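*Asks:* First, the structure itself, so that you have it in front of you.
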Amino acid sequence: PDNIAELEAAAREGGGAHHWRAVDITREEDVTKAVEAITAEAGGGDVLVNNAGITRDGIIFRMAKADWDEVLRANLSSAYCPSGCCWPR
């Protein structure tokens, strides 16, 4: 990401820190590992930003099933795993 330095500076100015990882949000195992690593590094967590999303432009009637599935995985299902990893069930 282009603005990591700005985020780091803002976090320091506010007396905090931020931690991030680039992850394929559609792969639950990768997300779980990233959340575990960040939690260990930070000693816990206060905020989770769930902002992944993709588009496969086209009307639904012409959209390939594989594209539909990918959009749903990235835009909807991807919110479940990070949230579940951060808050115990």
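Identifiers for the structure tokens are assigned positionally: chains receive A, B, ... in sequence, residues are indexed from 1 per chain, and ligands are indexed from 1 in the order shown.
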Would you list, as a PyMOL selection string, the residues of chain A that end up in helix (DSSP H, G or I) under DSSP run on this structure's backbone?
*Replies:* chain A and resi 4-13+28-42+60-62+65-75+77-86
*Asks:* With 12 Å as the cut-off and only C-alpha atoms counted, what is the closest atom pair between each nearby residue of segment 41-60 of chain A and segment 11-23 of chain A? Distances in Å to one decimal, ordered by chain and number, as a tab-separated table.
*Replies:*
residue	atom	partner	partner_atom	distance
A:Glu41	CA	A:His19	CA	8.2
A:Ala42	CA	A:His19	CA	7.3
A:Gly43	CA	A:His19	CA	10.9
A:Gly44	CA	A:His19	CA	10.7
A:Gly45	CA	A:His19	CA	9.3
A:Asp46	CA	A:His18	CA	10.0
A:Val47	CA	A:His18	CA	9.4
A:Leu48	CA	A:Trp20	CA	10.1
A:Val49	CA	A:Trp20	CA	9.9
A:Asn50	CA	A:Trp20	CA	11.6
A:Ala52	CA	A:Val23	CA	10.0
*Asks:* Go ahead and dump the residues you just picked, C-alpha atoms, as a short mmCIF file (atom, residue, chain, number, x, y, z; two decimals), in the first residue's frame.
*Replies:*
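Output saved as result06.cif:
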data_model
loop_
_atom_site.label_atom_id
_atom_site.label_comp_id
_atom_site.auth_asym_id
_atom_site.auth_seq_id
_atom_site.Cartn_x
_atom_site.Cartn_y
_atom_site.Cartn_z
CA GLU A 41 2.97 -9.15 17.39
CA ALA A 42 0.58 -6.55 18.80
CA GLY A 43 -0.42 -8.39 21.95
CA GLY A 44 -4.09 -8.30 20.96
CA GLY A 45 -6.19 -6.04 18.83
CA ASP A 46 -8.63 -3.18 19.19
CA VAL A 47 -9.80 -2.59 15.61
CA LEU A 48 -10.30 -4.76 12.56
CA VAL A 49 -10.72 -3.06 9.19
CA ASN A 50 -12.51 -5.39 6.79
CA ALA A 52 -11.70 -6.24 0.78
#
*Asks:* So that I can see what lies close to segment 68-78 of chain A, please list as a PDB file with C-alpha atoms, in the first residue's frame the residues with an atom at most 12 Å from it, counting only C-alpha atoms and leaving out residues fewer than 2 positions away in the same chain.
*Replies:*
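Saved to result.pdb:
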ATOM      1  CA  VAL A  23      -3.336 -11.488   2.367  1.00  0.00           C
ATOM      2  CA  ASP A  24      -5.452 -13.304  -0.210  1.00  0.00           C
ATOM      3  CA  ILE A  25      -8.708 -12.728   1.627  1.00  0.00           C
ATOM      4  CA  THR A  26     -10.370 -15.648  -0.152  1.00  0.00           C
ATOM      5  CA  ARG A  27      -7.979 -18.149   1.468  1.00  0.00           C
ATOM      6  CA  GLU A  28      -9.143 -18.796   5.024  1.00  0.00           C
ATOM      7  CA  GLU A  29      -5.879 -20.442   6.070  1.00  0.00           C
ATOM      8  CA  ASP A  30      -3.862 -17.401   4.954  1.00  0.00           C
ATOM      9  CA  VAL A  31      -6.202 -15.033   6.768  1.00  0.00           C
ATOM     10  CA  THR A  32      -6.042 -17.099   9.957  1.00  0.00           C
ATOM     11  CA  VAL A  49     -10.722  -3.063   9.188  1.00  0.00           C
ATOM     12  CA  ASN A  50     -12.511  -5.390   6.793  1.00  0.00           C
ATOM     13  CA  ASN A  51     -12.416  -3.625   3.437  1.00  0.00           C
ATOM     14  CA  ALA A  52     -11.697  -6.237   0.776  1.00  0.00           C
ATOM     15  CA  GLY A  53     -13.682  -6.256  -2.423  1.00  0.00           C
ATOM     16  CA  ILE A  54     -13.479  -6.985  -6.129  1.00  0.00           C
ATOM     17  CA  THR A  55     -15.621  -6.464  -9.212  1.00  0.00           C
ATOM     18  CA  ARG A  56     -16.160  -8.549 -12.279  1.00  0.00           C
ATOM     19  CA  ASP A  57     -18.047  -6.106 -14.426  1.00  0.00           C
ATOM     20  CA  GLY A  58     -20.974  -7.419 -16.355  1.00  0.00           C
ATOM     21  CA  ILE A  59     -24.614  -8.109 -15.887  1.00  0.00           C
ATOM     22  CA  ILE A  60     -25.444 -11.171 -13.863  1.00  0.00           C
ATOM     23  CA  PHE A  61     -27.029 -12.977 -16.808  1.00  0.00           C
ATOM     24  CA  ARG A  62     -23.748 -12.898 -18.704  1.00  0.00           C
ATOM     25  CA  MET A  63     -21.432 -13.442 -15.752  1.00  0.00           C
ATOM     26  CA  ALA A  64     -19.580 -16.737 -15.616  1.00  0.00           C
ATOM     27  CA  LYS A  65     -20.287 -18.854 -12.523  1.00  0.00           C
ATOM     28  CA  ALA A  66     -16.582 -18.777 -11.611  1.00  0.00           C
ATOM     29  CA  TYR A  80     -16.441 -13.930   8.154  1.00  0.00           C
ATOM     30  CA  CYS A  81     -12.971 -15.365   8.715  1.00  0.00           C
ATOM     31  CA  PRO A  82     -11.108 -12.249   9.903  1.00  0.00           C
ATOM     32  CA  SER A  83     -13.968 -11.355  12.216  1.00  0.00           C
ATOM     33  CA  GLY A  84     -14.157 -14.887  13.561  1.00  0.00           C
ATOM     34  CA  CYS A  85     -10.402 -15.050  14.048  1.00  0.00           C
TER      35      CYS A  85
END
